[in-house]
Amino acid sequence: MPIHLLPAVSPPKTVLKQVEKIAANFFWGMDNNKRKYHWASWHKLCYPLEEGGLGFRKMEDICKSMEYKQWWHFRTSQSLWSNFLKAKYFQRSNPISKTWHTGQSLAWKRLMTNKREVEKYIYWRLHTGNCSFWWDNWLGVGPLAYHRHEGGRPGNVTVSHFWDNGQWSI
């Protein structure tokens, strides 16, 4: 199974807590069908080694990182999955400009929930200028569409539209 499909469904927090409880009981152990004394909380065991923990990861953090990776794969790769979502939810616009609406899939809702946080860390290189002028973070300040003060919606033009033989064209 491709790695970007693994986090398609994030479990509810109650399920994550139960998994952590099972892991904690495994490490703390049982004696005569009774749980042993817990010398530290699971929360403290999840601290980094430098902060006195054992470096375990919280299940919620693992799921969140997989959700972020799912958005990154969606934006940066040409796969059957990403092409399907692009064709279904935005044919003539950019995914950054889209929002989730009732009736759309929960996987799409999860992507829309995480996009703003993840997009802060995706920087596009110009190369041939195929990235979006308004919606991709190619300057390092976020999408230029967020910095506009004019009315209307910016189009989905590429950087190459304004670049000619290594020079900016107006």
# chains A, B, ... in the order shown; residues from 1 in each chain; ligands from 1
$ residues_around --residues "stretch 18-34 of chain A" --least-positions-apart "4" --cutoff "8 Å" --atoms "only C-alpha atoms" --output "list in words"
Thr14, His38, Trp42, Lys58 and Met59 of chain A
$ select_by_dssp --residues "chain A" --states "helix (DSSP H, G or I)" --output "VMD selection string"
chain A and resid 3 to 8 13 to 28 42 to 45 49 to 51 59 to 76 80 to 89 95 to 97 106 to 119 144 to 147 159 to 162
$ residues_around --residues "stretch 152-155 of chain A" --least-positions-apart "6" --cutoff "9 Å" --atoms "only C-alpha atoms" --output "list in words"
Ser93, Phe133, Trp134, Trp135 and Ala145 of chain A
$ write_last_selection --atoms "all heavy atoms" --output "compact mmCIF listing (two decimals), in the first residue's frame"
# COMPACT_ATOMS: atom_id res chain seq x y z
N SER A 93 -8.81 25.63 -10.46
CA SER A 93 -8.32 26.47 -9.37
C SER A 93 -7.19 25.75 -8.64
O SER A 93 -6.79 24.67 -9.03
CB SER A 93 -9.46 26.80 -8.41
OG SER A 93 -10.01 25.63 -7.87
N PHE A 133 1.60 31.40 -9.37
CA PHE A 133 2.08 32.72 -8.97
C PHE A 133 1.41 33.17 -7.68
O PHE A 133 2.06 33.69 -6.78
CB PHE A 133 1.82 33.74 -10.09
CG PHE A 133 2.33 35.12 -9.77
CD1 PHE A 133 3.67 35.43 -9.99
CD2 PHE A 133 1.49 36.09 -9.25
CE1 PHE A 133 4.15 36.70 -9.69
CE2 PHE A 133 1.97 37.36 -8.96
CZ PHE A 133 3.30 37.66 -9.18
N TRP A 134 0.10 32.97 -7.56
CA TRP A 134 -0.65 33.48 -6.42
C TRP A 134 -0.75 32.52 -5.26
O TRP A 134 -0.85 32.93 -4.11
CB TRP A 134 -2.06 33.87 -6.85
CG TRP A 134 -2.09 35.06 -7.74
CD1 TRP A 134 -2.38 35.08 -9.08
CD2 TRP A 134 -1.80 36.41 -7.38
NE1 TRP A 134 -2.28 36.35 -9.55
CE2 TRP A 134 -1.94 37.19 -8.53
CE3 TRP A 134 -1.43 37.03 -6.19
CZ2 TRP A 134 -1.72 38.56 -8.53
CZ3 TRP A 134 -1.23 38.39 -6.18
CH2 TRP A 134 -1.37 39.14 -7.35
N TRP A 135 -0.75 31.21 -5.51
CA TRP A 135 -1.11 30.26 -4.47
C TRP A 135 0.03 29.43 -3.92
O TRP A 135 -0.09 28.86 -2.84
CB TRP A 135 -2.23 29.35 -4.97
CG TRP A 135 -3.46 30.12 -5.26
CD1 TRP A 135 -3.96 30.44 -6.49
CD2 TRP A 135 -4.35 30.71 -4.32
NE1 TRP A 135 -5.10 31.19 -6.35
CE2 TRP A 135 -5.37 31.37 -5.03
CE3 TRP A 135 -4.39 30.76 -2.92
CZ2 TRP A 135 -6.39 32.05 -4.41
CZ3 TRP A 135 -5.42 31.44 -2.30
CH2 TRP A 135 -6.41 32.07 -3.05
N ALA A 145 -1.48 35.34 -2.64
CA ALA A 145 -2.92 35.64 -2.59
C ALA A 145 -3.34 36.12 -1.19
O ALA A 145 -4.25 36.93 -1.06
CB ALA A 145 -3.73 34.42 -2.98
$ residues_around --residues "A:Phe90" --least-positions-apart "5" --cutoff "12 Å" --atoms "only C-alpha atoms" --output "MDAnalysis selection string"
chainID A and resid 82:85 95:100 108 156
$ select_by_dssp --residues "chain A" --states "strand (DSSP E)" --output "list in words"
Met30, Asp31, Lys34, Arg35, Trp163, Asp164, Gln167 and Trp168 of chain A
$ write_last_selection --atoms "all heavy atoms" --output "mmCIF file, in the first residue's frame"
data_model
loop_
_atom_site.group_PDB
_atom_site.id
_atom_site.type_symbol
_atom_site.label_atom_id
_atom_site.label_comp_id
_atom_site.auth_asym_id
_atom_site.auth_seq_id
_atom_site.Cartn_x
_atom_site.Cartn_y
_atom_site.Cartn_z
ATOM 1 N N MET A 30 2.069 -6.495 34.407
ATOM 2 C CA MET A 30 1.021 -6.962 35.307
ATOM 3 C C MET A 30 1.651 -7.987 36.249
ATOM 4 O O MET A 30 2.613 -8.655 35.902
ATOM 5 C CB MET A 30 -0.105 -7.626 34.516
ATOM 6 C CG MET A 30 -0.727 -6.790 33.433
ATOM 7 S SD MET A 30 -2.130 -5.845 33.957
ATOM 8 C CE MET A 30 -3.398 -7.047 34.095
ATOM 9 N N ASP A 31 1.076 -8.097 37.451
ATOM 10 C CA ASP A 31 1.541 -9.072 38.414
ATOM 11 C C ASP A 31 0.307 -9.704 39.050
ATOM 12 O O ASP A 31 -0.484 -9.014 39.700
ATOM 13 C CB ASP A 31 2.420 -8.396 39.472
ATOM 14 C CG ASP A 31 3.131 -9.390 40.347
ATOM 15 O OD1 ASP A 31 3.302 -10.549 39.908
ATOM 16 O OD2 ASP A 31 3.519 -9.012 41.466
ATOM 17 N N LYS A 34 -2.954 -8.093 38.254
ATOM 18 C CA LYS A 34 -3.117 -6.731 38.761
ATOM 19 C C LYS A 34 -2.015 -5.878 38.145
ATOM 20 O O LYS A 34 -0.892 -6.333 37.983
ATOM 21 C CB LYS A 34 -3.020 -6.699 40.295
ATOM 22 C CG LYS A 34 -4.181 -7.391 40.960
ATOM 23 C CD LYS A 34 -4.264 -7.298 42.467
ATOM 24 C CE LYS A 34 -3.046 -6.863 43.202
ATOM 25 N NZ LYS A 34 -3.183 -6.926 44.652
ATOM 26 N N ARG A 35 -2.376 -4.661 37.820
ATOM 27 C CA ARG A 35 -1.378 -3.767 37.243
ATOM 28 C C ARG A 35 -0.344 -3.392 38.285
ATOM 29 O O ARG A 35 -0.669 -3.177 39.451
ATOM 30 C CB ARG A 35 -2.044 -2.500 36.714
ATOM 31 C CG ARG A 35 -2.760 -2.736 35.415
ATOM 32 C CD ARG A 35 -3.214 -1.423 34.850
ATOM 33 N NE ARG A 35 -4.658 -1.511 34.717
ATOM 34 C CZ ARG A 35 -5.488 -0.514 34.668
ATOM 35 N NH1 ARG A 35 -5.054 0.713 34.743
ATOM 36 N NH2 ARG A 35 -6.763 -0.698 34.540
ATOM 37 N N TRP A 163 7.623 35.589 -16.380
ATOM 38 C CA TRP A 163 9.072 35.401 -16.485
ATOM 39 C C TRP A 163 9.403 35.133 -17.937
ATOM 40 O O TRP A 163 8.863 34.243 -18.550
ATOM 41 C CB TRP A 163 9.461 34.222 -15.616
ATOM 42 C CG TRP A 163 10.918 34.020 -15.402
ATOM 43 C CD1 TRP A 163 11.696 33.079 -15.999
ATOM 44 C CD2 TRP A 163 11.773 34.733 -14.532
ATOM 45 N NE1 TRP A 163 12.979 33.157 -15.544
ATOM 46 C CE2 TRP A 163 13.054 34.178 -14.644
ATOM 47 C CE3 TRP A 163 11.593 35.797 -13.674
ATOM 48 C CZ2 TRP A 163 14.138 34.631 -13.938
ATOM 49 C CZ3 TRP A 163 12.666 36.264 -12.951
ATOM 50 C CH2 TRP A 163 13.928 35.691 -13.077
ATOM 51 N N ASP A 164 10.334 35.918 -18.510
ATOM 52 C CA ASP A 164 10.675 35.766 -19.919
ATOM 53 C C ASP A 164 12.184 35.843 -20.092
ATOM 54 O O ASP A 164 12.789 36.885 -19.820
ATOM 55 C CB ASP A 164 9.977 36.854 -20.742
ATOM 56 C CG ASP A 164 10.113 36.649 -22.230
ATOM 57 O OD1 ASP A 164 10.275 35.480 -22.645
ATOM 58 O OD2 ASP A 164 10.054 37.641 -22.976
ATOM 59 N N GLN A 167 14.168 37.136 -17.121
ATOM 60 C CA GLN A 167 13.810 38.497 -16.688
ATOM 61 C C GLN A 167 12.321 38.545 -16.361
ATOM 62 O O GLN A 167 11.520 37.847 -16.980
ATOM 63 C CB GLN A 167 14.092 39.507 -17.812
ATOM 64 C CG GLN A 167 15.503 39.532 -18.276
ATOM 65 C CD GLN A 167 16.215 40.747 -17.744
ATOM 66 O OE1 GLN A 167 15.596 41.720 -17.375
ATOM 67 N NE2 GLN A 167 17.536 40.678 -17.686
ATOM 68 N N TRP A 168 11.973 39.388 -15.416
ATOM 69 C CA TRP A 168 10.561 39.601 -15.112
ATOM 70 C C TRP A 168 9.931 40.417 -16.231
ATOM 71 O O TRP A 168 10.481 41.409 -16.676
ATOM 72 C CB TRP A 168 10.383 40.338 -13.784
ATOM 73 C CG TRP A 168 10.692 39.484 -12.592
ATOM 74 C CD1 TRP A 168 11.782 39.566 -11.813
ATOM 75 C CD2 TRP A 168 9.925 38.404 -12.116
ATOM 76 N NE1 TRP A 168 11.747 38.609 -10.835
ATOM 77 C CE2 TRP A 168 10.598 37.869 -10.994
ATOM 78 C CE3 TRP A 168 8.730 37.813 -12.496
ATOM 79 C CZ2 TRP A 168 10.126 36.795 -10.267
ATOM 80 C CZ3 TRP A 168 8.254 36.742 -11.754
ATOM 81 C CH2 TRP A 168 8.942 36.243 -10.660
#
$ residues_around --residues "A:His127" --least-positions-apart "6" --cutoff "12 Å" --atoms "only C-alpha atoms" --output "ChimeraX atom specification"
/A:138,158-160,163,166
$ closest_residue --among "A:His147, A:Thr76, A:Pro48, A:Gln104" --to "A:Lys88" --atoms "only C-alpha atoms"
A:Gln104
$ atom_distance --atom1 "atom CA of A:Asp61" --atom2 "atom CA of A:Cys46"
10.5 Å
$ closest_residue --among "A:Arg125, A:Lys36, A:His101, A:Arg110" --to "A:Lys69" --atoms "only C-alpha atoms"
A:Arg110
$ closest_residue --among "A:Ser79, A:Thr102, A:Leu16, A:Leu139" --to "A:Arg57" --atoms "only C-alpha atoms"
A:Leu16
$ closest_residue --among "A:Val118, A:Gly140, A:Gln78, A:Ser132" --to "A:Asn94" --atoms "only C-alpha atoms"
A:Ser132
$ closest_residue --among "A:Ser77, A:Thr128, A:Gln70, A:Asn137" --to "A:Thr113" --atoms "only C-alpha atoms"
A:Gln70
$ atom_distance --atom1 "atom CA of A:Asp136" --atom2 "atom CA of A:Lys120"
10.0 Å
$ atom_distance --atom1 "atom CA of A:Tyr121" --atom2 "atom CA of A:Tyr68"
10.4 Å
